[in-house]
Each structure stands twice: as C-alpha cells, then as structure tokens.
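Encoded as structure tokens, the structure appears first; notes follow it.
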Protein chains: 2
Amino acid sequence: METMNITDPKIHEYLMNLAHEDDRHILEMERIAKERNFPIVERLVGRLLFLLAKIKKPSLVVELGSGFGYSAYWFAKAMDAGKIVLTDYREENIAYAKNLFRETGHAGKAEFHVGNAVEIAKDYQNIDILFIDIEKRDYFDAVRTLLPNLGSHALIIADNSLWYGKILDDEKDKETIGIVRFNEYLSENPDFMTTILPLRDGVLLACKLS
Amino acid sequence: METMNITDPKIHEYLMNLAHEDDRHILEMERIAKERNFPIVERLVGRLLFLLAKIKKPSLVVELGSGFGYSAYWFAKAMDAGKIVLTDYREENIAYAKNLFRETGHAGKAEFHVGNAVEIAKDYQNIDILFIDIEKRDYFDAVRTLLPNLGSHALIIADNSLWYGKILDDEKDKETIGIVRFNEYLSENPDFMTTILPLRDGVLLACKLS
C-alpha cells in the first residue's frame, strides 16, 4: 500500500502558511531533519505540544524518544516551571539537545538520558505528560509498563498513531501491529479518555480520568 | 468547488470505530442531528472538548452558539466544578439543552440564554474557555469583541475553521471570508499560540499566552 494522505495536502499547506516561525533553533532543526530525512514531529505537532503544555502546566514531562530535542524544545518553551526528561538511544542526538537547551536557557529544567527510554522512565513518578515517539512495535508494552508512573489526570501524547495509514492494511507488519494494539488498548481503557487527531501522522491524546 | 475531504474517509472511519459510545444522551443527539441535518460538532470533536476541559479544569466556559447542547454536554461531563454558559438564538434548542442538563444532573453548573451570543457573552468576565460555533461571518468580530472578557491563559476553541475546505477557494463568500480573517487574526496575534486541527471540519485552538 502506498503512503496515504491522512490530511488533504492543500489543507496541510494552508495550515503551514498560518504557522509562521521566527525561532532560528526551530528552523535549524527543521532544516536538519529535512536534509537527513530524520523523523521529527514537525511544526504543526510542535505547536500542539506547546499549546497542550500551556494548558496542562505540567510539573514533569517525560519523553520516550526525544530524537535531537525538537519536541522537547516545544514543551520547554511552554513551561515556566517544571522538569522535562529527554531520552534517546543515540548519544549524538542527546548531545545536540543538550547544546540546544544550554544555548536557549532551558537547560535548568531538563534532564538528559542516553539509553532505553522505558527503563529510564521507570525511575520517574507522577508523570504529568508522557510523550511517546519510540520504535512503534514498543508502544503497547511501553504504556502498559509505565501506567503506575503516571500522575493523576496525566496526559499521554503519542506520535505516529496512524502510521502513514498502515493501520488500515489487511496484512500488518510488527510496527503497525504495535500501534494498532496501543490505539485499541487506550481507547478501550475506561480509566482514560482517548482520541486520535488526524494531524500529520496521527497524534493520540489520552487523558487519565483520575 | 465540491466539498472536500479534509481527512481521508477511511481514516475517519477508523477513528470513529475507536470512539465507542454508550451514553444514550449523546447517541440520541447524534441521531437527531443526522435525521434533521442539524449541525453538531460530532463525536470526535466532542471527545476533544471533553479532553481539553479535563486538562484545563475551567471555572467558566462560555459557548457562542450551543445548538441543542451537544458540545456543552461534552464540556459538562468533563467538569467536576465550574460553570458553563449556553447560548443560542432559538428558544427550542435551549429548551432541549435545559431538559438534557436537568435529566443528566448537570443543571447546577449551567446557565442558559436565548439571544445574540456575543451580546450575552459580554456580561461574563474571566472566561477560561470560549467556544465559538455561531454564523461563520461573525467569527472575526466575535473574537475581537470578547478579547477583554478572556481570563489569563484562556483557551479559544472554534469549530468549522476549515469550512469544508472553502478557505482555499479563489472566490470566497461572506462566511468563508469571516473564517479566513478569524484564522489569520488569531494566528498572527502574538498574544496567542494558535493552531488548527484538521479534525472533521477544522478545530481552531488558541491559547492566550498571559
């Protein structure tokens, strides 16, 4: 199956035209991501992360899979207080993020870890926002493992929850099966209100009800 | 121009399959809306309203254009405390909403008004969530008029911000011009972070930064 357009491309263009950006760090990361074909959540999702953090005012954000810090930077810009934990399995990504946070004055609210994101996250309690952007086959196990680490009324945000539309394929690969199980698990879980936004590649939002 | 699919229909179907609903009042309103071709925000947007209210914990929600109460009911279900103000220019819509809120135990947190939504809303200060779903030509004036009535870090939520894709038309009617000006005004306003979700017919979210 070819990659489908989840959103009409002309609508996407309209939304991007409204999402003007002056922050040279964001522009730089977007340029690098494009050049190296490095997956980032992109600007429209970044703006949503900012907005959700502004509304939620989290004390603790934990990211599973920070890449070089694009999503974490959007969170950090929205946070007047609180802590954000970045994780990635590649040393060089975390090094880039560290430098970015130092240069932009956000280092004081960030913790950086190289290694297995879920194992690292287990050490944190009362997580207010759990952001998930790791290997897709690991989404389901990650959320089940970390349920006890969520604070009350925690918000889970997961990127790629529509996985280029492959969630509709008759024959699904391991990554797609991981996403589908994850989407169904949270949607059917009465402890959460879950909805998936058809923004970019699908952004799942799940709010813990207690 | 024909009505376009903002989101791929098969993706929409997938999302709806995950959004199972047992609440007979919601199901009843959805049935009535379909029968009478009455515009409601529909279930996926309703779930988003619920989720945003859970995160934001508003003391005061004001709706411009409540219809028969579908969106207000989603807000009310998410609110343990606080007040929600419903407005509509049709007596019979507000009568339906009143009855719904009475039956479901939410009447104590609601105020009901028949008349011009913007004029009614002017009497409320420190609005935490302003929901806009009135005549599309009036969006721009409504938001400019009510800026002084917004509380700090208020959230504006507007339905139909992509207006069936007509925002892309070369020749725009009055409704479409109203929406486009509204989208641009909030997107360019440095006091807000604004983003439009390509969900259903477009849901604009704008968070006041101070």
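Starting from 1 in every chain, residues are counted up; chains themselves are A, B, ... following the order of the structure tokens, and ligands are numbered from 1 as listed.
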
For this session: Within 9 Å of region 90-95 of chain A, counting only C-alpha atoms, which residues show up once you throw out same-chain ones fewer than 5 positions away? Write them as a PyMOL selection string, please.
Result: chain A and resi 66-69+100+112-115

Just to be explicit: take each residue in the selection above, keep C-alpha atoms, and write the result as a short mmCIF file (atom, residue, chain, number, x, y, z; two decimals), in the first residue's frame.
```cif
data_model
loop_
_atom_site.label_atom_id
_atom_site.label_comp_id
_atom_site.auth_asym_id
_atom_site.auth_seq_id
_atom_site.Cartn_x
_atom_site.Cartn_y
_atom_site.Cartn_z
CA SER A 66 13.41 12.63 22.09
CA GLY A 67 15.49 12.46 18.93
CA PHE A 68 17.65 15.57 18.92
CA GLY A 69 15.19 17.53 21.06
CA LEU A 100 20.25 23.44 22.21
CA PHE A 112 19.09 14.13 29.56
CA HIS A 113 19.49 10.37 29.30
CA VAL A 114 21.03 8.06 26.72
CA GLY A 115 19.65 4.50 26.71
#
```

For this session: Fewer than 5 positions away in the same chain doesn't count, so skip those; otherwise give me all residues within 8 Å of region 194-203 of chain A, counting only C-alpha atoms, as an NGL selection string.
Result: (:A and (6-7 or 44-45 or 157-165 or 186-187)) or (:B and (7 or 11 or 15 or 19 or 44 or 47-48 or 51 or 197-199))

Give the alpha helix (DSSP H) residues of region 73-177 of chain A, as assigned by DSSP on the backbone, as a PDB file with N, CA, C and O atoms, in the first residue's frame.
```pdb
ATOM      1  N   TYR A  73      11.931  20.740  22.931  1.00  0.00           N
ATOM      2  CA  TYR A  73      12.125  22.188  22.870  1.00  0.00           C
ATOM      3  C   TYR A  73      10.783  22.919  22.838  1.00  0.00           C
ATOM      4  O   TYR A  73      10.599  23.945  23.494  1.00  0.00           O
ATOM      5  N   TRP A  74       9.817  22.390  22.108  1.00  0.00           N
ATOM      6  CA  TRP A  74       8.466  22.975  22.096  1.00  0.00           C
ATOM      7  C   TRP A  74       7.839  22.919  23.490  1.00  0.00           C
ATOM      8  O   TRP A  74       7.236  23.877  23.960  1.00  0.00           O
ATOM      9  N   PHE A  75       7.985  21.766  24.164  1.00  0.00           N
ATOM     10  CA  PHE A  75       7.490  21.658  25.542  1.00  0.00           C
ATOM     11  C   PHE A  75       8.176  22.698  26.424  1.00  0.00           C
ATOM     12  O   PHE A  75       7.515  23.422  27.175  1.00  0.00           O
ATOM     13  N   ALA A  76       9.510  22.742  26.344  1.00  0.00           N
ATOM     14  CA  ALA A  76      10.285  23.624  27.230  1.00  0.00           C
ATOM     15  C   ALA A  76       9.883  25.083  27.051  1.00  0.00           C
ATOM     16  O   ALA A  76       9.781  25.845  28.016  1.00  0.00           O
ATOM     17  N   LYS A  77       9.649  25.488  25.804  1.00  0.00           N
ATOM     18  CA  LYS A  77       9.251  26.872  25.531  1.00  0.00           C
ATOM     19  C   LYS A  77       7.921  27.219  26.219  1.00  0.00           C
ATOM     20  O   LYS A  77       7.659  28.380  26.535  1.00  0.00           O
ATOM     21  N   ALA A  78       7.079  26.218  26.414  1.00  0.00           N
ATOM     22  CA  ALA A  78       5.756  26.455  27.013  1.00  0.00           C
ATOM     23  C   ALA A  78       5.774  26.382  28.527  1.00  0.00           C
ATOM     24  O   ALA A  78       4.798  26.758  29.175  1.00  0.00           O
ATOM     25  N   GLU A  91      23.649   8.737  21.538  1.00  0.00           N
ATOM     26  CA  GLU A  91      24.475   9.736  22.240  1.00  0.00           C
ATOM     27  C   GLU A  91      24.476  11.075  21.485  1.00  0.00           C
ATOM     28  O   GLU A  91      24.318  12.142  22.080  1.00  0.00           O
ATOM     29  N   GLU A  92      24.644  11.028  20.169  1.00  0.00           N
ATOM     30  CA  GLU A  92      24.804  12.273  19.404  1.00  0.00           C
ATOM     31  C   GLU A  92      23.507  13.088  19.376  1.00  0.00           C
ATOM     32  O   GLU A  92      23.552  14.321  19.312  1.00  0.00           O
ATOM     33  N   ASN A  93      22.364  12.416  19.428  1.00  0.00           N
ATOM     34  CA  ASN A  93      21.088  13.152  19.495  1.00  0.00           C
ATOM     35  C   ASN A  93      20.979  13.918  20.812  1.00  0.00           C
ATOM     36  O   ASN A  93      20.602  15.092  20.834  1.00  0.00           O
ATOM     37  N   ILE A  94      21.279  13.228  21.888  1.00  0.00           N
ATOM     38  CA  ILE A  94      21.191  13.861  23.209  1.00  0.00           C
ATOM     39  C   ILE A  94      22.221  14.996  23.331  1.00  0.00           C
ATOM     40  O   ILE A  94      21.937  16.046  23.938  1.00  0.00           O
ATOM     41  N   ALA A  95      23.374  14.815  22.724  1.00  0.00           N
ATOM     42  CA  ALA A  95      24.394  15.875  22.737  1.00  0.00           C
ATOM     43  C   ALA A  95      23.869  17.127  22.037  1.00  0.00           C
ATOM     44  O   ALA A  95      24.049  18.255  22.513  1.00  0.00           O
ATOM     45  N   TYR A  96      23.188  16.934  20.908  1.00  0.00           N
ATOM     46  CA  TYR A  96      22.605  18.073  20.185  1.00  0.00           C
ATOM     47  C   TYR A  96      21.567  18.774  21.078  1.00  0.00           C
ATOM     48  O   TYR A  96      21.550  19.998  21.195  1.00  0.00           O
ATOM     49  N   ALA A  97      20.709  17.969  21.709  1.00  0.00           N
ATOM     50  CA  ALA A  97      19.643  18.523  22.558  1.00  0.00           C
ATOM     51  C   ALA A  97      20.227  19.298  23.739  1.00  0.00           C
ATOM     52  O   ALA A  97      19.760  20.391  24.066  1.00  0.00           O
ATOM     53  N   LYS A  98      21.250  18.722  24.352  1.00  0.00           N
ATOM     54  CA  LYS A  98      21.908  19.391  25.492  1.00  0.00           C
ATOM     55  C   LYS A  98      22.399  20.767  25.080  1.00  0.00           C
ATOM     56  O   LYS A  98      22.206  21.760  25.789  1.00  0.00           O
ATOM     57  N   ASN A  99      23.040  20.819  23.952  1.00  0.00           N
ATOM     58  CA  ASN A  99      23.591  22.071  23.452  1.00  0.00           C
ATOM     59  C   ASN A  99      22.475  23.080  23.160  1.00  0.00           C
ATOM     60  O   ASN A  99      22.560  24.256  23.523  1.00  0.00           O
ATOM     61  N   LEU A 100      21.418  22.592  22.519  1.00  0.00           N
ATOM     62  CA  LEU A 100      20.251  23.435  22.213  1.00  0.00           C
ATOM     63  C   LEU A 100      19.653  24.024  23.487  1.00  0.00           C
ATOM     64  O   LEU A 100      19.356  25.222  23.567  1.00  0.00           O
ATOM     65  N   PHE A 101      19.458  23.185  24.492  1.00  0.00           N
ATOM     66  CA  PHE A 101      18.835  23.643  25.737  1.00  0.00           C
ATOM     67  C   PHE A 101      19.762  24.622  26.479  1.00  0.00           C
ATOM     68  O   PHE A 101      19.286  25.544  27.133  1.00  0.00           O
ATOM     69  N   ARG A 102      21.075  24.400  26.394  1.00  0.00           N
ATOM     70  CA  ARG A 102      22.027  25.305  27.024  1.00  0.00           C
ATOM     71  C   ARG A 102      21.964  26.668  26.336  1.00  0.00           C
ATOM     72  O   ARG A 102      21.809  27.701  26.983  1.00  0.00           O
ATOM     73  N   GLU A 103      22.031  26.655  25.025  1.00  0.00           N
ATOM     74  CA  GLU A 103      22.036  27.903  24.245  1.00  0.00           C
ATOM     75  C   GLU A 103      20.765  28.726  24.433  1.00  0.00           C
ATOM     76  O   GLU A 103      20.785  29.947  24.323  1.00  0.00           O
ATOM     77  N   ALA A 117      14.560   4.054  26.659  1.00  0.00           N
ATOM     78  CA  ALA A 117      13.651   5.101  27.140  1.00  0.00           C
ATOM     79  C   ALA A 117      12.722   4.593  28.247  1.00  0.00           C
ATOM     80  O   ALA A 117      12.529   5.269  29.268  1.00  0.00           O
ATOM     81  N   VAL A 118      12.156   3.406  28.060  1.00  0.00           N
ATOM     82  CA  VAL A 118      11.188   2.893  29.041  1.00  0.00           C
ATOM     83  C   VAL A 118      11.881   2.595  30.363  1.00  0.00           C
ATOM     84  O   VAL A 118      11.360   2.918  31.443  1.00  0.00           O
ATOM     85  N   GLU A 119      13.065   1.992  30.285  1.00  0.00           N
ATOM     86  CA  GLU A 119      13.819   1.692  31.521  1.00  0.00           C
ATOM     87  C   GLU A 119      14.154   2.972  32.283  1.00  0.00           C
ATOM     88  O   GLU A 119      14.062   3.029  33.507  1.00  0.00           O
ATOM     89  N   ILE A 120      14.520   3.998  31.543  1.00  0.00           N
ATOM     90  CA  ILE A 120      14.851   5.280  32.172  1.00  0.00           C
ATOM     91  C   ILE A 120      13.598   5.899  32.806  1.00  0.00           C
ATOM     92  O   ILE A 120      13.620   6.368  33.944  1.00  0.00           O
ATOM     93  N   ALA A 121      12.501   5.839  32.079  1.00  0.00           N
ATOM     94  CA  ALA A 121      11.260   6.476  32.544  1.00  0.00           C
ATOM     95  C   ALA A 121      10.720   5.833  33.813  1.00  0.00           C
ATOM     96  O   ALA A 121      10.050   6.496  34.628  1.00  0.00           O
ATOM     97  N   TYR A 139       5.297   0.552  21.474  1.00  0.00           N
ATOM     98  CA  TYR A 139       4.315   1.469  22.083  1.00  0.00           C
ATOM     99  C   TYR A 139       3.448   0.781  23.136  1.00  0.00           C
ATOM    100  O   TYR A 139       3.230   1.302  24.228  1.00  0.00           O
ATOM    101  N   PHE A 140       2.939  -0.386  22.774  1.00  0.00           N
ATOM    102  CA  PHE A 140       1.978  -1.080  23.642  1.00  0.00           C
ATOM    103  C   PHE A 140       2.615  -1.469  24.978  1.00  0.00           C
ATOM    104  O   PHE A 140       2.075  -1.175  26.050  1.00  0.00           O
ATOM    105  N   ASP A 141       3.780  -2.110  24.909  1.00  0.00           N
ATOM    106  CA  ASP A 141       4.457  -2.511  26.145  1.00  0.00           C
ATOM    107  C   ASP A 141       4.877  -1.293  26.963  1.00  0.00           C
ATOM    108  O   ASP A 141       4.807  -1.314  28.194  1.00  0.00           O
ATOM    109  N   ALA A 142       5.304  -0.248  26.277  1.00  0.00           N
ATOM    110  CA  ALA A 142       5.768   0.959  26.976  1.00  0.00           C
ATOM    111  C   ALA A 142       4.648   1.544  27.832  1.00  0.00           C
ATOM    112  O   ALA A 142       4.842   1.845  29.017  1.00  0.00           O
ATOM    113  N   VAL A 143       3.471   1.698  27.254  1.00  0.00           N
ATOM    114  CA  VAL A 143       2.390   2.344  28.000  1.00  0.00           C
ATOM    115  C   VAL A 143       1.923   1.450  29.155  1.00  0.00           C
ATOM    116  O   VAL A 143       1.648   1.934  30.253  1.00  0.00           O
ATOM    117  N   ARG A 144       1.868   0.135  28.916  1.00  0.00           N
ATOM    118  CA  ARG A 144       1.444  -0.761  29.999  1.00  0.00           C
ATOM    119  C   ARG A 144       2.457  -0.752  31.146  1.00  0.00           C
ATOM    120  O   ARG A 144       2.088  -0.746  32.319  1.00  0.00           O
ATOM    121  N   THR A 145       3.740  -0.739  30.796  1.00  0.00           N
ATOM    122  CA  THR A 145       4.796  -0.725  31.821  1.00  0.00           C
ATOM    123  C   THR A 145       4.737   0.544  32.659  1.00  0.00           C
ATOM    124  O   THR A 145       4.956   0.517  33.868  1.00  0.00           O
ATOM    125  N   LEU A 146       4.426   1.662  32.014  1.00  0.00           N
ATOM    126  CA  LEU A 146       4.552   2.954  32.696  1.00  0.00           C
ATOM    127  C   LEU A 146       3.249   3.479  33.303  1.00  0.00           C
ATOM    128  O   LEU A 146       3.242   4.556  33.912  1.00  0.00           O
ATOM    129  N   LYS A 174       5.091  -5.718  12.056  1.00  0.00           N
ATOM    130  CA  LYS A 174       5.207  -5.667  13.525  1.00  0.00           C
ATOM    131  C   LYS A 174       4.993  -4.261  14.081  1.00  0.00           C
ATOM    132  O   LYS A 174       4.412  -4.086  15.147  1.00  0.00           O
ATOM    133  N   GLU A 175       5.544  -3.279  13.367  1.00  0.00           N
ATOM    134  CA  GLU A 175       5.398  -1.889  13.826  1.00  0.00           C
ATOM    135  C   GLU A 175       3.915  -1.521  13.858  1.00  0.00           C
ATOM    136  O   GLU A 175       3.413  -0.951  14.828  1.00  0.00           O
ATOM    137  N   THR A 176       3.226  -1.830  12.778  1.00  0.00           N
ATOM    138  CA  THR A 176       1.819  -1.463  12.657  1.00  0.00           C
ATOM    139  C   THR A 176       0.971  -2.180  13.697  1.00  0.00           C
ATOM    140  O   THR A 176       0.080  -1.564  14.314  1.00  0.00           O
ATOM    141  N   ILE A 177       1.274  -3.453  13.912  1.00  0.00           N
ATOM    142  CA  ILE A 177       0.537  -4.212  14.938  1.00  0.00           C
ATOM    143  C   ILE A 177       0.719  -3.559  16.307  1.00  0.00           C
ATOM    144  O   ILE A 177      -0.235  -3.421  17.083  1.00  0.00           O
TER     145      ILE A 177
END
```

Q. If you run DSSP on this backbone, which residues of region 7-187 of chain A come out as strand (DSSP E), and could you give them as a PyMOL selection string?
A. chain A and resi 60-64+83-88+110-114+127-132+150-159

With only C-alpha atoms as the counted atoms, please give the residues lying no more than 6 Å from region 60-63 of chain B, apart from itself and same-chain residues fewer than 5 positions off, as a tab-separated table (two decimals) with N, CA and C atoms, in the first residue's frame.
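Final output, saved to result14.tsv:
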```tsv
chain	number	residue	atom	x	y	z
B	82	GLY	N	-17.12	24.40	38.33
B	82	GLY	CA	-17.13	25.44	37.31
B	82	GLY	C	-18.50	25.56	36.67
B	83	LYS	N	-18.60	26.57	35.79
B	83	LYS	CA	-19.88	26.93	35.18
B	83	LYS	C	-19.76	26.92	33.68
B	84	ILE	N	-20.83	26.49	33.02
B	84	ILE	CA	-20.86	26.55	31.56
B	84	ILE	C	-22.08	27.36	31.11
B	85	VAL	N	-21.83	28.31	30.22
B	85	VAL	CA	-22.88	29.20	29.74
B	85	VAL	C	-23.26	28.79	28.32
B	86	LEU	N	-24.53	28.44	28.15
B	86	LEU	CA	-25.02	28.06	26.82
B	86	LEU	C	-25.79	29.22	26.21
B	127	ILE	N	-13.34	34.54	31.26
B	127	ILE	CA	-13.73	33.30	30.57
B	127	ILE	C	-12.49	32.42	30.40
B	128	ASP	N	-12.57	31.16	30.81
B	128	ASP	CA	-11.43	30.24	30.68
B	128	ASP	C	-11.44	29.50	29.34
B	129	ILE	N	-12.63	29.12	28.91
B	129	ILE	CA	-12.76	28.51	27.58
B	129	ILE	C	-13.88	29.23	26.85
B	130	LEU	N	-13.54	29.79	25.68
B	130	LEU	CA	-14.55	30.41	24.82
B	130	LEU	C	-14.72	29.50	23.60
B	131	PHE	N	-15.91	28.93	23.48
B	131	PHE	CA	-16.19	28.02	22.36
B	131	PHE	C	-17.03	28.76	21.34
```
